[in-house]
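> Contents are compact mmCIF, N, CA and C atoms; file name query25.txt:
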# COMPACT_ATOMS: atom_id res chain seq x y z
N MET A 151 94.37 95.95 98.71
CA MET A 151 95.10 96.84 99.59
C MET A 151 95.01 98.28 99.07
N ALA A 152 95.17 98.44 97.76
CA ALA A 152 95.11 99.79 97.19
C ALA A 152 93.75 100.43 97.44
N ALA A 153 92.68 99.65 97.33
CA ALA A 153 91.33 100.19 97.58
C ALA A 153 91.18 100.60 99.04
N CYS A 154 91.76 99.83 99.95
CA CYS A 154 91.71 100.18 101.38
C CYS A 154 92.41 101.50 101.63
N VAL A 155 93.57 101.69 101.01
CA VAL A 155 94.31 102.94 101.19
C VAL A 155 93.55 104.11 100.59
N ARG A 156 92.94 103.92 99.42
CA ARG A 156 92.16 105.00 98.81
C ARG A 156 90.96 105.36 99.70
N ALA A 157 90.28 104.36 100.26
CA ALA A 157 89.15 104.62 101.16
C ALA A 157 89.62 105.37 102.39
N TRP A 158 90.76 104.96 102.94
CA TRP A 158 91.31 105.65 104.10
C TRP A 158 91.62 107.09 103.75
N ASP A 159 92.21 107.31 102.56
CA ASP A 159 92.57 108.65 102.13
C ASP A 159 91.34 109.55 102.05
N ARG A 160 90.22 109.01 101.53
CA ARG A 160 88.99 109.79 101.39
C ARG A 160 88.27 110.01 102.71
N HIS A 161 88.24 108.99 103.58
CA HIS A 161 87.34 109.04 104.73
C HIS A 161 88.02 109.16 106.09
N VAL A 162 89.30 108.83 106.20
CA VAL A 162 89.91 108.71 107.53
C VAL A 162 91.15 109.58 107.70
N ARG A 163 91.78 109.99 106.64
CA ARG A 163 93.08 110.66 106.70
C ARG A 163 93.12 111.77 107.75
N GLY A 164 92.08 112.54 107.87
CA GLY A 164 92.07 113.65 108.82
C GLY A 164 92.21 113.23 110.27
N ALA A 165 91.93 111.96 110.57
CA ALA A 165 92.01 111.47 111.96
C ALA A 165 93.41 110.99 112.32
N GLY A 166 94.31 110.85 111.36
CA GLY A 166 95.68 110.41 111.64
C GLY A 166 96.10 109.28 110.75
N TYR A 167 97.32 108.83 110.93
CA TYR A 167 97.89 107.78 110.10
C TYR A 167 97.74 106.42 110.76
N PRO A 168 97.70 105.36 109.96
CA PRO A 168 97.51 104.02 110.54
C PRO A 168 98.74 103.56 111.32
N GLN A 169 98.48 102.80 112.37
CA GLN A 169 99.55 102.09 113.07
C GLN A 169 99.62 100.71 112.45
N MET A 170 100.81 100.19 112.36
CA MET A 170 100.97 98.85 111.79
C MET A 170 101.79 98.02 112.76
N SER A 171 101.34 96.79 113.00
CA SER A 171 102.13 95.85 113.78
C SER A 171 102.44 94.65 112.88
N VAL A 172 103.63 94.09 113.05
CA VAL A 172 104.09 92.97 112.23
C VAL A 172 104.24 91.75 113.13
N HIS A 173 103.69 90.62 112.67
CA HIS A 173 103.68 89.38 113.44
C HIS A 173 104.19 88.25 112.55
N PRO A 174 104.80 87.21 113.14
CA PRO A 174 105.27 86.08 112.33
C PRO A 174 104.11 85.45 111.56
N ALA A 175 104.42 84.85 110.42
CA ALA A 175 103.40 84.26 109.54
C ALA A 175 102.53 83.24 110.25
N GLY A 176 103.03 82.52 111.21
CA GLY A 176 102.26 81.49 111.89
C GLY A 176 101.41 81.97 113.05
N THR A 177 101.36 83.26 113.31
CA THR A 177 100.60 83.78 114.44
C THR A 177 99.10 83.51 114.26
N SER A 178 98.47 82.95 115.27
CA SER A 178 97.03 82.64 115.22
C SER A 178 96.21 83.93 115.21
N ASP A 179 95.06 83.89 114.53
CA ASP A 179 94.18 85.05 114.46
C ASP A 179 93.80 85.57 115.84
N HIS A 180 93.52 84.67 116.79
CA HIS A 180 93.05 85.13 118.10
C HIS A 180 94.13 85.85 118.90
N VAL A 181 95.38 85.76 118.49
CA VAL A 181 96.49 86.43 119.18
C VAL A 181 96.72 87.83 118.60
N LEU A 182 96.28 88.06 117.37
CA LEU A 182 96.51 89.33 116.70
C LEU A 182 95.65 90.44 117.30
N PRO A 183 96.16 91.67 117.27
CA PRO A 183 95.34 92.78 117.74
C PRO A 183 94.20 93.05 116.77
N THR A 184 93.22 93.80 117.21
CA THR A 184 92.11 94.19 116.37
C THR A 184 92.61 95.09 115.25
N GLY A 185 92.13 94.88 114.03
CA GLY A 185 92.52 95.72 112.91
C GLY A 185 92.32 95.01 111.59
N HIS A 186 92.86 95.58 110.54
CA HIS A 186 92.78 95.00 109.20
C HIS A 186 94.04 94.19 108.95
N LEU A 187 93.88 92.98 108.50
CA LEU A 187 94.98 92.03 108.35
C LEU A 187 95.42 91.91 106.91
N LEU A 188 96.73 91.91 106.70
CA LEU A 188 97.32 91.63 105.39
C LEU A 188 98.33 90.51 105.60
N ASP A 189 98.01 89.32 105.06
CA ASP A 189 98.91 88.17 105.17
C ASP A 189 99.95 88.22 104.07
N LYS A 190 101.21 88.01 104.46
CA LYS A 190 102.32 87.92 103.52
C LYS A 190 102.99 86.57 103.75
N ALA A 191 103.91 86.20 102.91
CA ALA A 191 104.56 84.89 103.02
C ALA A 191 105.29 84.70 104.35
N SER A 192 105.95 85.74 104.84
CA SER A 192 106.75 85.59 106.06
C SER A 192 106.21 86.35 107.25
N SER A 193 105.09 87.06 107.08
CA SER A 193 104.57 87.85 108.19
C SER A 193 103.08 88.13 108.02
N ARG A 194 102.49 88.61 109.10
CA ARG A 194 101.09 89.06 109.10
C ARG A 194 101.10 90.50 109.57
N LEU A 195 100.59 91.41 108.76
CA LEU A 195 100.57 92.82 109.09
C LEU A 195 99.17 93.20 109.55
N VAL A 196 99.07 93.90 110.66
CA VAL A 196 97.78 94.37 111.16
C VAL A 196 97.82 95.89 111.17
N PHE A 197 96.87 96.50 110.44
CA PHE A 197 96.75 97.95 110.37
C PHE A 197 95.59 98.40 111.24
N GLN A 198 95.85 99.41 112.05
CA GLN A 198 94.82 100.01 112.89
C GLN A 198 94.73 101.47 112.50
N TRP A 199 93.61 101.86 111.88
CA TRP A 199 93.45 103.21 111.37
C TRP A 199 92.60 104.04 112.31
N PRO A 200 93.12 105.18 112.79
CA PRO A 200 92.31 106.06 113.62
C PRO A 200 91.04 106.45 112.87
N GLY A 201 89.92 106.44 113.55
CA GLY A 201 88.66 106.80 112.92
C GLY A 201 88.01 105.65 112.18
N HIS A 202 88.65 104.48 112.16
CA HIS A 202 88.09 103.31 111.49
C HIS A 202 88.29 102.11 112.41
N GLU A 203 87.78 102.24 113.64
CA GLU A 203 87.97 101.20 114.63
C GLU A 203 87.10 99.99 114.34
N ARG A 204 87.57 98.85 114.77
CA ARG A 204 86.85 97.59 114.64
C ARG A 204 86.78 96.96 116.02
N THR A 205 85.77 96.15 116.23
CA THR A 205 85.66 95.47 117.51
C THR A 205 85.99 93.99 117.38
N GLU A 206 86.10 93.49 116.16
CA GLU A 206 86.41 92.08 115.94
C GLU A 206 87.92 91.90 115.86
N PRO A 207 88.39 90.65 116.01
CA PRO A 207 89.82 90.39 115.78
C PRO A 207 90.18 90.73 114.34
N ALA A 208 91.45 90.85 114.07
CA ALA A 208 91.92 91.19 112.73
C ALA A 208 91.33 90.23 111.71
N GLY A 209 90.93 90.76 110.59
CA GLY A 209 90.40 89.96 109.50
C GLY A 209 91.15 90.29 108.23
N PRO A 210 91.06 89.43 107.23
CA PRO A 210 91.80 89.68 105.99
C PRO A 210 91.32 90.93 105.29
N MET A 211 92.24 91.63 104.66
CA MET A 211 91.89 92.82 103.90
C MET A 211 91.22 92.39 102.61
N ALA A 212 90.14 93.03 102.29
CA ALA A 212 89.42 92.77 101.04
C ALA A 212 89.70 93.93 100.09
N ALA A 213 88.91 94.02 99.04
CA ALA A 213 89.09 95.09 98.07
C ALA A 213 88.81 96.45 98.69
N ALA A 214 87.99 96.49 99.73
CA ALA A 214 87.70 97.72 100.44
C ALA A 214 87.57 97.37 101.92
N PRO A 215 87.75 98.37 102.81
CA PRO A 215 87.63 98.06 104.24
C PRO A 215 86.29 97.40 104.53
N THR A 216 86.31 96.42 105.39
CA THR A 216 85.09 95.69 105.72
C THR A 216 85.01 95.49 107.22
N GLU A 217 83.84 95.28 107.71
CA GLU A 217 83.67 95.02 109.12
C GLU A 217 83.55 93.54 109.41
N ALA A 218 83.76 92.70 108.41
CA ALA A 218 83.69 91.25 108.62
C ALA A 218 84.79 90.83 109.56
N GLY A 219 84.49 89.89 110.44
CA GLY A 219 85.47 89.44 111.42
C GLY A 219 86.47 88.47 110.85
N GLY A 220 87.53 88.26 111.60
CA GLY A 220 88.58 87.31 111.21
C GLY A 220 88.29 85.96 111.84
N GLY A 221 89.25 85.47 112.62
CA GLY A 221 89.08 84.21 113.32
C GLY A 221 89.06 83.01 112.42
N GLN A 222 89.81 83.09 111.33
CA GLN A 222 89.80 81.99 110.37
C GLN A 222 90.76 80.92 110.74
Can you dump the structure from the file as structure tokens?

Amino acid sequence: MAACVRAWDRHVRGAGYPQMSVHPAGTSDHVLPTGHLLDKASSRLVFQWPGHERTEPAGPMAAAPTEAGGGQ
């Protein structure tokens, strides 16, 4: 997560701040909006960063932003 934020700070910050949506932990991947996914014990957070759009469903956050799809 920290690496994602640092990458956003370097490459995307000028385009605006991320929007975050919070979903229950059991929400299926195909129901989540497009974005970067951070799974927590009680919720699933989806971050959508201006200037870093994705076309795939939300996928898990890795050490750095990735274009790999979710749907797990």
> Provide the atom CA of A:Met151 to atom CA of A:Leu195 distance in Å, to one decimal place.
11.7 Å
> Just to confirm, what's the straight-line distance from atom CA of A:Gln169 to atom CA of A:Gly185 in Å (one decimal)?
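Rounded to one decimal, the two atoms are 9.5 Å apart.
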> Would you list the contacts of A:Met170 as an MDAnalysis selection string, taking every protein, DNA or RNA residue within 6.5 Å and counting only N, CA and C atoms, but skipping same-chain residues closer than 5 positions in sequence?
chainID A and resid 195:198
> Those selected residues, please, written with N, CA and C atoms and delivered as a PDB file, in the coordinates of the input.

ATOM      1  N   LEU A 195     100.590  91.410 108.760  1.00  0.00           N
ATOM      2  CA  LEU A 195     100.570  92.820 109.090  1.00  0.00           C
ATOM      3  C   LEU A 195      99.170  93.200 109.550  1.00  0.00           C
ATOM      4  N   VAL A 196      99.070  93.900 110.660  1.00  0.00           N
ATOM      5  CA  VAL A 196      97.780  94.370 111.160  1.00  0.00           C
ATOM      6  C   VAL A 196      97.820  95.890 111.170  1.00  0.00           C
ATOM      7  N   PHE A 197      96.870  96.500 110.440  1.00  0.00           N
ATOM      8  CA  PHE A 197      96.750  97.950 110.370  1.00  0.00           C
ATOM      9  C   PHE A 197      95.590  98.400 111.240  1.00  0.00           C
ATOM     10  N   GLN A 198      95.850  99.410 112.050  1.00  0.00           N
ATOM     11  CA  GLN A 198      94.820 100.010 112.890  1.00  0.00           C
ATOM     12  C   GLN A 198      94.730 101.470 112.500  1.00  0.00           C
TER      13      GLN A 198
END
> One decimal, in Å: what's the spacing between atom CA of A:Cys154 and atom N of A:Pro168?
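Going from atom CA of A:Cys154 over to atom N of A:Pro168, I get 11.7 Å.
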> Name the residues, using the chain letters and numbers of the file, that sit within 6 Å of (105.3, 84.0, 106.9) when counting only C-alpha atoms, and give them as a VMD selection string.
chain A and resid 174 to 175 190 to 193
> Calculated over only N, CA and C atoms, which of the candidates A:Asp179, A:Trp199, A:Leu188, A:Arg194 has the smallest distance to A:Gly166?
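Closest residue, counting only N, CA and C atoms: A:Trp199.
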